[in-house]
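Visitor: Shown below is the structure under consideration.
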Protein chains: 2
Amino acid sequence: MRARIPFDATTPKRRLGSVLSASERADFAIAMLRDVLQAMAPTELEPTVIATEEPEATVSAPIRVDDRPLDAVVEDAIEERTPVAVVMADLPLIEPESLARLQATAGDVVLAPGRGGGTNAMLVRTDSFSVDYHGASIRDHRRIAGERALEVGEIDSFRLGTDVDEPADLIEVLLHGGPHSVAWLREAGFRIETTAGRPTVTRVPPEST
Amino acid sequence: MRARIPFDATTPKRRLGSVLSASERADFAIAMLRDVLQAMAPTELEPTVIATEEPEATVSAPIRVDDRPLDAVVEDAIEERTPVAVVMADLPLIEPESLARLQATAGDVVLAPGRGGGTNAMLVRTDSFSVDYHGASIRDHRRIAGERALEVGEIDSFRLGTDVDEPADLIEVLLHGGPHSVAWLREAGFRIETTAGRPTVTRVPPEST
């Protein structure tokens with residue numbers, strides 16, 4: 001089955017700007033993408049990365065450059081052929097089992113809700129569905145499917161639900177993430193700190209690591 | 001199977017203090033507890049709420065008052081008899097299916113990771129396990145099980161992983177929560193706002209609802 005992974009290679013992970021430089025954000029975004037691709041490797045999903053521009057690093061999947069908005073890119077993927085899986089690139093907690101569960105879930109459309117109202121992954125089995133990633137997209141996707149009398153499946157997954165946007169999300173990566181993202185963060189000096197009770201993530205300066 | 005639901009009836013949900021008064025926090029905590037109990041109703045779990053003091057409202061399960069720290073309360077539950085499920089009271093996204101998956105997962109101990117390093121639910125099948133809810137508890141629980149050569153199962157669930165602590169968590173309740181919690185929030189004037197792009201939750205003053 002085809003899988004499409006939209007990837008912002010232009011200004012990736014801006015909301016991590018308080019803890020990572022622009023070049024670090026680009027590197028970390030690639031590390032997360034590599035974890036997504038690694039989770040797909042043992043599955044029957046055949047990934048293509050749809051990048052807003054050519055990334056500086058190579059990855060283990062074909063890259064197609066398309067700088068149009070996310071909705072247009074995904075609409076095209078659905079019109080091109082179904083079934084198709086659309087999986088975000090910032091899901092470093094993803095595992096082959098998460099994807100197997102996505103594929104095993106019944107429905108004309110299978111949605112994986114993300115934190116904050118997003119839709120982090122979907123499997124579209126009919127071209128009569130269409131997408132709207134703006135705002136609370138999970139609600140809009142439920143509504144669009146309902147209006148078109150499509151059966152909606154939802155997958156209840158912490159791993160698919162955890163996209164990494166903000167510094168507070170980094171603890172999820174350090175605790176549960178894939179090898180590329182965890183190694184990148186540790187190399188950059190990020191550690192879990194529990195002295196204050198509630199665990200947080202701190203960055204150890206390189207000279208003291 | 002026995003289930004224990006620890007419940008802070010004394011100072012519940014302090015971190016919601018910027019959006020809810022103390023009495024509202026107490027009411028909302030009860031609404032979330034009711035959603036947890038409702039999700040258990042069709043399962044074979046037999047819940048007892050372990051409350052730090054007698055709550056002001058009644059719920060559909062027996063309440064035992066025990067004001068000791070969480071670790072001591074859960075240790076006692078494990079020593080009393082296994083298997084036992086320990087499910088937090090602030091998981092309003094929980095569904096009967098989430099609990100069925102918890103029970104269907106193999107392992108001497110089955111852990112449901114929560115956001116920020118917590119352990120939101122667990123199923124303990126052997127009394128040689130013990131708990132440590134301080135700090136990044138999911139990591140400590142993995143370690144404790146490892147030290148005792150216990151098999152650990154983990155359940156990948158957005159619904160079990162989403163505990164409600166902070167104002168930013170309320171959007172998850174409005175989008176995916178159980179009936180008691182959603183009704184309480186809506187009655188209190190909370191709405192999802194998407195005008196600024198990324199969805200947020202705002203509170204509409206009562207006079208204009």
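Following the order of the structure tokens, first chain is A, next is B, and so on, with residues numbered from 1 inside each chain and ligands from 1 in the order they appear.
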Just the residues within 8 Å of Gly107 (chain A), please, counting only C-alpha atoms, with nothing from its chain fewer than 6 positions along; format it as a list of chain:residue names.
Guide: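 My reading of the contact set: A:Arg125, A:Leu150, A:Glu151, A:Val152, A:Gly153.
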Visitor: Once you count only C-alpha atoms, what closest atom pair and distance in Å to one decimal does each residue of chain B within 10 Å of chain A have, with rows by chain and rising residue number, as a Markdown table?
Guide:
```
| residue | atom | partner | partner_atom | distance |
| --- | --- | --- | --- | --- |
| B:Glu97 | CA | A:Asp156 | CA | 9.5 |
| B:Ser98 | CA | A:Asp156 | CA | 8.1 |
| B:Ala112 | CA | A:Phe158 | CA | 9.3 |
| B:Pro113 | CA | A:Phe158 | CA | 8.2 |
| B:Gly114 | CA | A:Phe158 | CA | 8.5 |
| B:Arg115 | CA | A:Glu172 | CA | 7.1 |
| B:Gly116 | CA | A:Ile171 | CA | 6.4 |
| B:Gly117 | CA | A:Pro199 | CA | 7.0 |
| B:Gly118 | CA | A:Pro199 | CA | 9.0 |
| B:His134 | CA | A:Gly197 | CA | 6.5 |
| B:Gly135 | CA | A:Gly197 | CA | 5.2 |
| B:Ala136 | CA | A:Pro199 | CA | 5.6 |
| B:Ser137 | CA | A:Pro199 | CA | 9.0 |
| B:Ile138 | CA | A:Leu175 | CA | 8.4 |
| B:Arg139 | CA | A:Leu175 | CA | 7.3 |
| B:Ile155 | CA | A:Ser157 | CA | 8.7 |
| B:Asp156 | CA | A:Ser157 | CA | 5.2 |
| B:Ser157 | CA | A:Ser157 | CA | 4.4 |
| B:Phe158 | CA | A:Phe158 | CA | 3.9 |
| B:Arg159 | CA | A:Asp156 | CA | 6.5 |
| B:Leu160 | CA | A:Phe158 | CA | 8.2 |
| B:Gly161 | CA | A:Phe158 | CA | 6.2 |
| B:Thr162 | CA | A:Phe158 | CA | 8.4 |
| B:Ala168 | CA | A:Gly116 | CA | 8.1 |
| B:Asp169 | CA | A:Gly116 | CA | 7.9 |
| B:Leu170 | CA | A:Gly116 | CA | 9.2 |
| B:Ile171 | CA | A:Gly116 | CA | 6.4 |
| B:Glu172 | CA | A:Gly116 | CA | 6.5 |
| B:Leu174 | CA | A:Gly117 | CA | 9.7 |
| B:Leu175 | CA | A:Gly117 | CA | 7.1 |
| B:His176 | CA | A:Pro113 | CA | 9.1 |
| B:Ile192 | CA | A:Ala136 | CA | 8.4 |
| B:Glu193 | CA | A:Gly135 | CA | 8.6 |
| B:Thr194 | CA | A:Gly135 | CA | 5.3 |
| B:Thr195 | CA | A:Gly135 | CA | 7.7 |
| B:Ala196 | CA | A:Gly135 | CA | 8.1 |
| B:Gly197 | CA | A:Gly135 | CA | 5.2 |
| B:Arg198 | CA | A:Gly135 | CA | 5.3 |
| B:Pro199 | CA | A:Gly135 | CA | 5.3 |
| B:Thr200 | CA | A:Gly116 | CA | 7.8 |
| B:Val201 | CA | A:Gly116 | CA | 9.9 |
```
Visitor: May I have the selected residues written with C-alpha atoms, as a PDB file, in the first residue's frame?
Guide:
```
ATOM      1  CA  GLU B  97     -12.240  -0.804  24.697  1.00  0.00           C
ATOM      2  CA  SER B  98      -9.205   0.873  26.291  1.00  0.00           C
ATOM      3  CA  ALA B 112      -0.184   2.459  30.099  1.00  0.00           C
ATOM      4  CA  PRO B 113       2.233   5.381  29.634  1.00  0.00           C
ATOM      5  CA  GLY B 114       0.821   8.825  30.264  1.00  0.00           C
ATOM      6  CA  ARG B 115       1.929  12.133  28.860  1.00  0.00           C
ATOM      7  CA  GLY B 116       4.961  13.627  30.523  1.00  0.00           C
ATOM      8  CA  GLY B 117       6.353  10.362  31.825  1.00  0.00           C
ATOM      9  CA  GLY B 118       3.439   9.240  33.974  1.00  0.00           C
ATOM     10  CA  HIS B 134       7.302  10.044  41.636  1.00  0.00           C
ATOM     11  CA  GLY B 135       9.211  11.608  38.771  1.00  0.00           C
ATOM     12  CA  ALA B 136       9.149   9.845  35.407  1.00  0.00           C
ATOM     13  CA  SER B 137       7.185   6.921  36.772  1.00  0.00           C
ATOM     14  CA  ILE B 138       6.900   5.008  33.510  1.00  0.00           C
ATOM     15  CA  ARG B 139      10.684   4.742  33.399  1.00  0.00           C
ATOM     16  CA  ILE B 155      -0.450  -0.603  25.932  1.00  0.00           C
ATOM     17  CA  ASP B 156      -0.281   2.029  23.244  1.00  0.00           C
ATOM     18  CA  SER B 157      -3.377   4.129  23.938  1.00  0.00           C
ATOM     19  CA  PHE B 158      -4.016   7.821  23.373  1.00  0.00           C
ATOM     20  CA  ARG B 159      -7.116   7.518  25.550  1.00  0.00           C
ATOM     21  CA  LEU B 160      -5.292   6.001  28.511  1.00  0.00           C
ATOM     22  CA  GLY B 161      -2.285   8.243  27.895  1.00  0.00           C
ATOM     23  CA  THR B 162      -4.221  11.489  28.165  1.00  0.00           C
ATOM     24  CA  ALA B 168      -4.072  22.907  27.405  1.00  0.00           C
ATOM     25  CA  ASP B 169      -5.440  19.411  28.086  1.00  0.00           C
ATOM     26  CA  LEU B 170      -9.070  20.559  28.013  1.00  0.00           C
ATOM     27  CA  ILE B 171      -9.184  20.487  24.217  1.00  0.00           C
ATOM     28  CA  GLU B 172      -8.618  16.725  24.359  1.00  0.00           C
ATOM     29  CA  LEU B 174     -13.875  18.524  24.395  1.00  0.00           C
ATOM     30  CA  LEU B 175     -12.810  16.564  21.300  1.00  0.00           C
ATOM     31  CA  HIS B 176     -12.594  13.009  22.627  1.00  0.00           C
ATOM     32  CA  ILE B 192     -13.018  25.088  21.042  1.00  0.00           C
ATOM     33  CA  GLU B 193     -11.770  28.170  19.238  1.00  0.00           C
ATOM     34  CA  THR B 194     -10.138  27.765  15.823  1.00  0.00           C
ATOM     35  CA  THR B 195     -10.052  31.296  14.490  1.00  0.00           C
ATOM     36  CA  ALA B 196      -6.311  31.713  15.157  1.00  0.00           C
ATOM     37  CA  GLY B 197      -5.314  28.627  13.168  1.00  0.00           C
ATOM     38  CA  ARG B 198      -4.178  26.264  15.893  1.00  0.00           C
ATOM     39  CA  PRO B 199      -7.216  25.233  17.959  1.00  0.00           C
ATOM     40  CA  THR B 200      -7.441  26.397  21.550  1.00  0.00           C
ATOM     41  CA  VAL B 201     -10.061  26.327  24.271  1.00  0.00           C
TER      42      VAL B 201
END
```
Visitor: Return as a count of residues only the full set of residues in region 4-179 of chain A whose backbone-based DSSP assignment is strand (DSSP E).
Guide: 31
Visitor: Please provide as a list of chain:residue names all residues within 9 Å of region 11-25 of chain A, with the sequence filter that same-chain residues fewer than 6 positions apart are discarded (counting only C-alpha atoms).
Guide: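 Within the cut-off, the hits are A:Asp90, A:Val164, A:Asp165, A:Glu166, A:Pro167, A:Ala188, A:Arg203.
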Visitor: Any idea what the distance is between CA of Phe190 (chain B) and CA of Leu93 (chain B)?
Guide: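 Separation between CA of Phe190 (chain B) and CA of Leu93 (chain B): 16.8 Å.
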Visitor: DSSP on the backbone, then: every residue of region 110-179 of chain B marked alpha helix (DSSP H), written as number ranges by chain.
Guide: B: 137-147, 158-161, 170-176, 179
